[in-house]
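Student: My structure file model.txt, compact mmCIF, C-alpha atoms, is below:
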# COMPACT_ATOMS: atom_id res chain seq x y z
CA MET B 1 -18.23 57.90 37.68
CA ILE B 2 -17.12 57.59 34.07
CA GLN B 3 -13.98 59.26 32.73
CA VAL B 4 -14.54 60.29 29.13
CA ILE B 5 -11.06 60.32 27.62
CA TYR B 6 -10.49 62.25 24.39
CA ASP B 7 -7.47 63.46 22.43
CA GLY B 8 -7.46 67.05 23.72
CA SER B 9 -8.79 68.62 20.51
CA TYR B 10 -12.01 70.61 20.25
CA GLU B 11 -13.35 68.15 17.67
CA GLY B 12 -12.47 65.34 20.06
CA TRP B 13 -14.46 67.01 22.82
CA LEU B 14 -17.47 67.47 20.52
CA THR B 15 -17.22 63.77 19.59
CA ALA B 16 -17.16 62.94 23.30
CA VAL B 17 -20.37 64.94 23.82
CA PHE B 18 -22.04 63.00 20.99
CA GLU B 19 -21.05 59.65 22.52
CA ILE B 20 -22.20 60.66 25.99
CA TYR B 21 -25.69 61.06 24.52
CA GLU B 22 -25.31 58.07 22.19
CA PHE B 23 -24.38 55.65 24.96
CA LYS B 24 -26.43 57.44 27.65
CA LEU B 25 -23.39 57.87 29.88
CA GLN B 26 -24.10 59.30 33.33
CA ASP B 27 -21.95 61.07 35.93
CA VAL B 28 -19.14 61.88 33.49
CA VAL B 29 -15.88 63.76 33.85
CA PHE B 30 -13.50 64.60 31.00
CA ALA B 31 -9.83 63.69 30.74
CA LYS B 32 -7.30 64.41 27.99
CA ASN B 33 -5.33 61.55 26.41
CA GLU B 34 -5.20 59.26 29.44
CA PRO B 35 -7.19 58.43 32.60
CA SER B 36 -6.73 60.68 35.60
CA THR B 37 -4.96 58.97 38.49
CA ALA B 38 -7.05 61.04 40.90
CA LEU B 39 -10.13 58.93 40.09
CA LEU B 40 -9.02 55.43 41.02
CA PHE B 41 -12.43 53.78 40.97
CA ALA B 42 -13.86 55.44 37.89
CA THR B 43 -14.53 53.50 34.71
CA SER B 44 -13.22 54.85 31.40
CA HIS B 45 -14.80 55.56 28.04
CA PHE B 46 -12.24 56.21 25.28
CA VAL B 47 -13.26 58.49 22.44
CA ASN B 48 -11.86 58.37 18.92
CA THR B 49 -12.34 61.73 17.26
CA ASP B 50 -15.01 61.50 14.57
CA ILE B 51 -15.51 64.62 12.46
CA GLU B 52 -19.04 63.62 11.46
CA LYS B 53 -20.13 63.14 15.09
CA ALA B 54 -18.46 66.43 16.03
CA LYS B 55 -20.28 68.20 13.20
CA ARG B 56 -23.66 66.87 14.30
CA VAL B 57 -23.16 68.29 17.80
CA SER B 58 -21.84 71.56 16.36
CA ASP B 59 -24.80 71.90 13.98
CA GLY B 60 -27.23 71.21 16.80
CA LEU B 61 -25.70 73.95 18.94
CA LYS B 62 -25.77 76.43 16.06
CA GLN B 63 -29.51 75.91 15.77
CA LYS B 64 -30.03 76.72 19.46
CA LEU B 65 -27.55 79.57 19.94
CA SER B 66 -26.60 82.86 18.34
CA GLU B 67 -23.32 82.97 16.41
CA GLU B 68 -21.64 84.70 19.34
CA GLY B 69 -23.13 82.24 21.82
CA PHE B 70 -21.80 79.32 19.79
CA GLU B 71 -18.33 80.88 19.58
CA ARG B 72 -18.26 81.29 23.36
CA ILE B 73 -18.14 77.51 23.76
CA TYR B 74 -14.98 77.29 21.63
CA LYS B 75 -13.40 80.24 23.44
CA THR B 76 -14.17 78.56 26.77
CA PHE B 77 -12.32 75.49 25.50
CA LEU B 78 -9.34 77.67 24.55
CA SER B 79 -9.42 79.49 27.91
CA GLU B 80 -8.08 76.38 29.68
CA ILE B 81 -9.83 77.37 32.87
CA ASN B 82 -10.08 74.69 35.53
CA SER B 83 -12.50 71.91 34.45
CA ALA B 84 -13.35 73.82 31.26
CA GLU B 85 -14.72 70.72 29.48
CA ASP B 86 -17.06 69.93 32.36
CA VAL B 87 -18.38 73.50 32.47
CA MET B 88 -18.89 73.40 28.71
CA PHE B 89 -20.72 70.09 28.89
CA ARG B 90 -23.12 71.29 31.57
CA PHE B 91 -23.75 74.39 29.45
CA VAL B 92 -24.40 72.24 26.36
CA LYS B 93 -26.78 70.01 28.32
CA TYR B 94 -28.72 73.10 29.36
CA VAL B 95 -28.80 74.34 25.77
CA PHE B 96 -30.19 71.06 24.43
CA SER B 97 -32.68 70.61 27.24
CA SER B 98 -34.24 74.06 26.85
CA SER B 99 -36.84 75.05 24.27
CA LYS B 100 -35.58 78.64 24.20
CA ASN B 101 -32.25 80.43 23.93
CA ILE B 102 -30.50 80.34 27.31
CA GLU B 103 -27.53 82.65 26.61
CA GLU B 104 -28.83 85.44 28.83
CA ASP B 105 -29.93 83.22 31.71
CA PHE B 106 -27.31 84.39 34.20
CA SER B 107 -29.14 82.67 37.03
CA ASN B 108 -27.52 79.51 35.66
CA ASN B 109 -23.95 79.25 36.90
CA ASP B 110 -22.64 77.48 33.81
CA VAL B 111 -24.02 80.16 31.48
CA TRP B 112 -22.17 82.72 33.54
CA GLU B 113 -18.95 80.66 33.67
CA VAL B 114 -18.92 80.17 29.90
CA ARG B 115 -19.38 83.88 29.32
CA LYS B 116 -16.58 84.76 31.75
CA ALA B 117 -14.18 82.23 30.24
CA ALA B 118 -14.93 83.42 26.70
CA LYS B 119 -14.27 86.99 27.78
CA ILE B 120 -10.87 86.02 29.22
CA THR B 121 -9.92 84.33 25.94
CA ARG B 122 -11.16 87.24 23.83
CA ARG B 123 -9.18 89.74 25.91
CA GLU B 124 -6.04 87.62 25.70
CA SER B 125 -6.32 87.27 21.92
CA HIS B 126 -6.64 91.06 21.54
CA ARG B 127 -3.55 91.55 23.70
CA MET B 128 -1.52 89.07 21.66
CA LYS B 129 -2.33 90.94 18.46
CA ALA B 130 -0.73 94.00 20.05
CA PHE B 131 2.12 92.35 21.97
CA VAL B 132 3.64 90.03 19.36
CA ARG B 133 7.21 91.17 18.59
CA PHE B 134 8.87 89.57 15.57
CA LYS B 135 12.61 89.04 15.10
CA LEU B 136 14.20 88.35 11.71
CA THR B 137 16.46 85.30 11.32
CA LYS B 138 19.32 84.92 8.86
CA ASP B 139 17.13 82.85 6.53
CA GLN B 140 14.55 85.67 6.44
CA LEU B 141 12.00 84.09 8.74
CA TYR B 142 10.20 86.38 11.17
CA TYR B 143 9.60 84.63 14.46
CA ALA B 144 7.92 85.62 17.72
CA ILE B 145 7.64 83.88 21.08
CA ILE B 146 4.51 84.30 23.17
CA GLU B 147 3.26 82.80 26.42
CA PRO B 148 -0.43 83.71 26.59
CA GLU B 149 -2.70 82.88 29.47
CA CYS B 150 -5.06 81.09 27.06
CA ASN B 151 -4.51 79.01 23.94
CA VAL B 152 -5.11 81.89 21.52
CA LEU B 153 -3.02 80.92 18.48
CA PRO B 154 -6.10 79.59 16.64
CA LEU B 155 -7.82 82.96 17.19
CA ILE B 156 -4.98 85.24 16.08
CA GLU B 157 -3.78 83.16 13.11
CA ASN B 158 -5.94 84.89 10.47
CA HIS B 159 -5.05 88.35 11.79
CA PHE B 160 -1.34 87.81 11.19
CA LYS B 161 -1.87 85.90 7.95
CA SER B 162 -3.74 88.91 6.58
CA ARG B 163 -1.45 91.56 8.02
CA TYR B 164 1.86 89.90 7.09
CA ALA B 165 0.84 88.08 3.91
CA ASP B 166 4.13 88.89 2.13
CA GLN B 167 6.45 87.54 4.84
CA ARG B 168 7.32 84.10 6.18
CA TRP B 169 6.65 84.00 9.90
CA LEU B 170 6.36 81.73 12.90
CA ILE B 171 4.53 82.53 16.13
CA TYR B 172 5.51 80.07 18.83
CA ASP B 173 3.59 79.46 22.05
CA ALA B 174 6.33 78.57 24.54
CA LYS B 175 3.80 77.57 27.19
CA ARG B 176 2.03 74.99 25.01
CA LYS B 177 5.05 73.97 22.91
CA TYR B 178 3.57 74.53 19.47
CA GLY B 179 3.44 77.27 16.86
CA ILE B 180 1.76 78.59 13.74
CA TYR B 181 3.97 78.81 10.64
CA TYR B 182 3.09 80.82 7.51
CA ASP B 183 4.96 79.98 4.27
CA LEU B 184 3.55 82.83 2.08
CA GLU B 185 0.63 80.63 0.99
CA GLU B 186 -0.90 78.89 3.96
CA THR B 187 -0.48 78.36 7.67
CA SER B 188 0.34 75.11 9.44
CA THR B 189 0.75 73.94 13.01
CA VAL B 190 4.27 72.98 14.03
CA GLN B 191 5.70 71.21 17.06
CA LEU B 192 9.28 72.05 18.03
CA GLN B 193 11.65 72.63 20.90
CA PHE B 194 12.33 76.36 21.00
CA ASN B 195 15.20 77.91 22.95
CA SER B 196 13.70 79.84 25.86
CA ALA B 197 16.69 82.20 25.71
CA ALA B 198 15.97 83.17 22.11
CA SER B 199 15.81 86.85 23.03
CA SER B 200 19.32 86.94 24.47
CA SER B 201 22.16 88.83 22.79
CA LYS B 202 24.02 85.59 22.16
CA SER B 203 21.01 84.07 20.44
CA LEU B 204 20.48 87.17 18.32
CA THR B 205 24.08 86.96 17.12
CA GLU B 206 23.77 83.27 16.24
CA ILE B 207 20.40 83.08 14.49
CA CYS B 208 19.25 86.58 13.61
CA ASP B 209 19.82 88.72 10.57
CA GLU B 210 22.82 91.04 10.92
CA GLU B 211 20.67 94.15 11.19
CA GLU B 212 18.13 92.66 13.61
CA GLU B 213 19.90 93.65 16.84
CA PHE B 214 20.47 97.15 15.45
CA PHE B 215 16.75 97.58 14.77
CA GLN B 216 15.87 96.24 18.23
CA ILE B 217 18.17 98.82 19.79
CA LEU B 218 16.52 101.56 17.72
CA TRP B 219 13.08 100.38 18.77
CA GLY B 220 14.12 100.38 22.43
CA ARG B 221 15.52 103.89 22.15
CA TYR B 222 12.39 105.13 20.43
CA PHE B 223 10.24 103.64 23.19
CA THR B 224 12.41 105.36 25.80
CA SER B 225 12.40 108.72 24.00
CA VAL B 226 8.60 108.93 23.70
CA ASN B 227 8.11 107.96 27.32
CA ILE B 228 7.34 111.12 29.32
CA GLU B 229 8.54 110.49 32.85
CA SER B 230 6.28 113.09 34.48
CA ARG B 231 3.20 111.50 32.96
CA LYS B 232 4.08 107.93 33.87
CA ASN B 233 1.18 106.01 35.41
CA MET B 234 2.55 102.60 36.34
CA LYS B 235 -0.78 101.30 37.65
CA LEU B 236 -2.49 102.02 34.32
CA HIS B 237 0.53 100.73 32.42
CA LEU B 238 0.38 97.38 34.22
CA GLN B 239 -3.35 97.20 33.64
CA HIS B 240 -2.85 97.37 29.88
CA MET B 241 0.48 95.53 29.75
CA PRO B 242 0.85 93.05 32.64
CA LYS B 243 4.38 92.09 33.65
CA ARG B 244 3.98 88.51 32.49
CA TYR B 245 4.27 89.77 28.89
CA TRP B 246 7.40 91.84 29.40
CA LYS B 247 10.07 89.19 28.79
CA ASN B 248 8.91 88.81 25.17
CA LEU B 249 8.61 92.54 24.43
CA THR B 250 11.60 94.15 22.71
CA GLU B 251 11.03 97.55 24.29
CA LYS B 252 11.05 96.01 27.79
CA LEU B 253 14.20 93.97 27.16
CA ARG B 254 16.04 97.07 26.01
CA THR B 255 14.96 99.50 28.76
Would you encode the structure as structure tokens?
Tutor:
Amino acid sequence: MIQVIYDGSYEGWLTAVFEIYEFKLQDVVFAKNEPSTALLFATSHFVNTDIEKAKRVSDGLKQKLSEEGFERIYKTFLSEINSAEDVMFRFVKYVFSSSKNIEEDFSNNDVWEVRKAAKITRRESHRMKAFVRFKLTKDQLYYAIIEPECNVLPLIENHFKSRYADQRWLIYDAKRKYGIYYDLEETSTVQLQFNSAASSSKSLTEICDEEEEFFQILWGRYFTSVNIESRKNMKLHLQHMPKRYWKNLTEKLRT
């Protein structure tokens, strides 16, 4: 068995696919950044990300798939499902080996797995667009902390850049330890150590604008006032807003 070790980026994975074909590597398994200790007797092939190689694989897939079918591969990568890269590679092999479009061939397990993973990522990105709650700091930066099931920041970046084009903001993924920062002109990826207790009253007092806590209280009261107790359907509520999101939602912290 050969461990194909890449840098963890999507372009790195595409480069790895190119080199698997280039060097005719067989019986491969993917690993990010360093060899897996679980495969003691496997040999290793280290991949240096090459944008040109990545583009050649990407262009080849675009010729064989619909736009949506091509995007599903990227969304599967972002889903971070177990062995996502291996599922993607088997799917890509099937794409390149077939003379016709295979997107609807649900008899193939990898076609089905890619579609399911892409659906999970798409659903999570839609939820994040609705569940992001910004707080205003003393230096007039709007920040939000999220912990999505999938790595959706790349998918929601343009939505917030368009919607909040006149404000500086930072959306930080506490699970993956990176964020997207918008400076009124462009967005950039940032790495930082963010206080997990940033929603606490103490934190609000120390870093937030003087009126921020007041507006959070108002928002919490509004949420409570429009909630009709007799029409509460907790099962439906949890379906649309699972509990794992609650700790980063202002209205849940205040009720």
Student: When you count all atoms listed in the file, which of these residues is closest to Asn101 (chain B): B:Val114, B:Leu65, B:Leu184, B:Met88?
Tutor: B:Leu65
Student: Using Å and a single decimal, report how far CA of Gly179 (chain B) sits from CA of His126 (chain B).
Tutor: 17.7 Å
Student: What's around region 5-15 of chain B at 6 Å? Count all atoms listed in the file, leave out sequence neighbours fewer than 3 positions away in its own chain, and write the answer as a ChimeraX atom specification.
Tutor: /B:18,30-33,46-47,49-50,53-54
Student: With distances taken over only C-alpha atoms, which residue among B:Leu61, B:Ala144, B:Leu136, B:Cys150 lies nearest Ile180 (chain B)?
Tutor: B:Ala144
Student: In terms of the shortest atom-to-atom distance over only C-alpha atoms, which of B:Val17, B:Val87, B:Ile171, B:Val28 is closest to Met128 (chain B)?
Tutor: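 Between B:Val17, B:Val87, B:Ile171, B:Val28, the residue approaching Met128 (chain B) most closely is B:Ile171.
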Student: Give the answer as one residue: which of B:Lys138, B:Lys64, B:Arg163, B:Arg168 has the shortest atom-to-atom distance to Ser99 (chain B), using all atoms listed in the file?
Tutor: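 That would be B:Lys64, the residue with the smallest distance to Ser99 (chain B).
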Student: Take CA of Lys55 (chain B) and CA of Phe70 (chain B) and report the distance between them in Å, one decimal.
Tutor: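 These atoms are spaced 13.0 Å apart.
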Student: Distance cut-off 10 Å, centre (8.2, 82.3, 4.9) in file coordinates, counting only C-alpha atoms: which residues qualify? Return them as a ChimeraX atom specification.
Tutor: /B:139-143,165-170,181-187
Student: Record the distance separating CA of Leu192 (chain B) and CA of Lys129 (chain B), expressed in Å with one decimal.
Tutor: 22.2 Å
Student: Using the structure block above, produce a file of region 102-130 of chain B that contains N, CA and C atoms, as a compact mmCIF listing (two decimals), in the first residue's frame.
Tutor:
# COMPACT_ATOMS: atom_id res chain seq x y z
N ILE B 102 -21.45 9.69 -15.52
CA ILE B 102 -21.80 8.66 -14.53
C ILE B 102 -22.54 9.22 -13.30
N GLU B 103 -22.88 10.52 -13.34
CA GLU B 103 -23.43 11.18 -12.15
C GLU B 103 -24.70 10.55 -11.61
N GLU B 104 -25.50 9.94 -12.50
CA GLU B 104 -26.76 9.35 -12.07
C GLU B 104 -26.69 7.84 -11.88
N ASP B 105 -25.49 7.29 -11.92
CA ASP B 105 -25.32 5.85 -11.75
C ASP B 105 -25.27 5.51 -10.27
N PHE B 106 -26.44 5.44 -9.65
CA PHE B 106 -26.49 5.20 -8.20
C PHE B 106 -26.25 3.75 -7.83
N SER B 107 -26.05 2.90 -8.83
CA SER B 107 -25.65 1.53 -8.53
C SER B 107 -24.19 1.49 -8.08
N ASN B 108 -23.45 2.57 -8.38
CA ASN B 108 -22.07 2.68 -7.94
C ASN B 108 -22.03 3.36 -6.58
N ASN B 109 -21.45 2.71 -5.61
CA ASN B 109 -21.47 3.19 -4.24
C ASN B 109 -20.78 4.55 -4.08
N ASP B 110 -19.70 4.77 -4.82
CA ASP B 110 -18.96 6.02 -4.68
C ASP B 110 -19.72 7.20 -5.27
N VAL B 111 -20.48 6.98 -6.32
CA VAL B 111 -21.35 8.02 -6.87
C VAL B 111 -22.36 8.44 -5.81
N TRP B 112 -22.93 7.46 -5.16
CA TRP B 112 -23.92 7.73 -4.12
C TRP B 112 -23.30 8.42 -2.92
N GLU B 113 -22.10 7.99 -2.51
CA GLU B 113 -21.43 8.59 -1.35
C GLU B 113 -21.05 10.05 -1.61
N VAL B 114 -20.58 10.34 -2.82
CA VAL B 114 -20.24 11.71 -3.17
C VAL B 114 -21.48 12.60 -3.14
N ARG B 115 -22.57 12.10 -3.66
CA ARG B 115 -23.80 12.89 -3.66
C ARG B 115 -24.28 13.15 -2.22
N LYS B 116 -24.22 12.14 -1.38
CA LYS B 116 -24.65 12.30 0.02
C LYS B 116 -23.77 13.30 0.76
N ALA B 117 -22.46 13.19 0.57
CA ALA B 117 -21.53 14.09 1.25
C ALA B 117 -21.73 15.53 0.78
N ALA B 118 -21.92 15.71 -0.51
CA ALA B 118 -22.15 17.06 -1.06
C ALA B 118 -23.44 17.65 -0.50
N LYS B 119 -24.44 16.82 -0.32
CA LYS B 119 -25.71 17.29 0.24
C LYS B 119 -25.54 17.75 1.68
N ILE B 120 -24.75 17.01 2.46
CA ILE B 120 -24.48 17.39 3.85
C ILE B 120 -23.80 18.76 3.90
N THR B 121 -22.81 18.96 3.04
CA THR B 121 -22.08 20.23 3.01
C THR B 121 -22.98 21.36 2.56
N ARG B 122 -23.79 21.12 1.55
CA ARG B 122 -24.70 22.16 1.06
C ARG B 122 -25.69 22.57 2.14
N ARG B 123 -26.24 21.60 2.85
CA ARG B 123 -27.20 21.89 3.93
C ARG B 123 -26.53 22.68 5.04
N GLU B 124 -25.30 22.31 5.39
CA GLU B 124 -24.60 23.00 6.46
C GLU B 124 -24.27 24.44 6.07
N SER B 125 -23.91 24.66 4.82
CA SER B 125 -23.60 26.02 4.37
C SER B 125 -24.85 26.90 4.41
N HIS B 126 -26.00 26.35 4.03
CA HIS B 126 -27.25 27.11 4.11
C HIS B 126 -27.57 27.47 5.56
N ARG B 127 -27.36 26.53 6.47
CA ARG B 127 -27.63 26.79 7.88
C ARG B 127 -26.71 27.89 8.42
N MET B 128 -25.45 27.87 8.03
CA MET B 128 -24.52 28.87 8.53
C MET B 128 -24.89 30.27 8.06
N LYS B 129 -25.43 30.38 6.86
CA LYS B 129 -25.87 31.69 6.38
C LYS B 129 -26.97 32.25 7.27
N ALA B 130 -27.75 31.37 7.86
CA ALA B 130 -28.86 31.80 8.72
C ALA B 130 -28.46 31.93 10.18
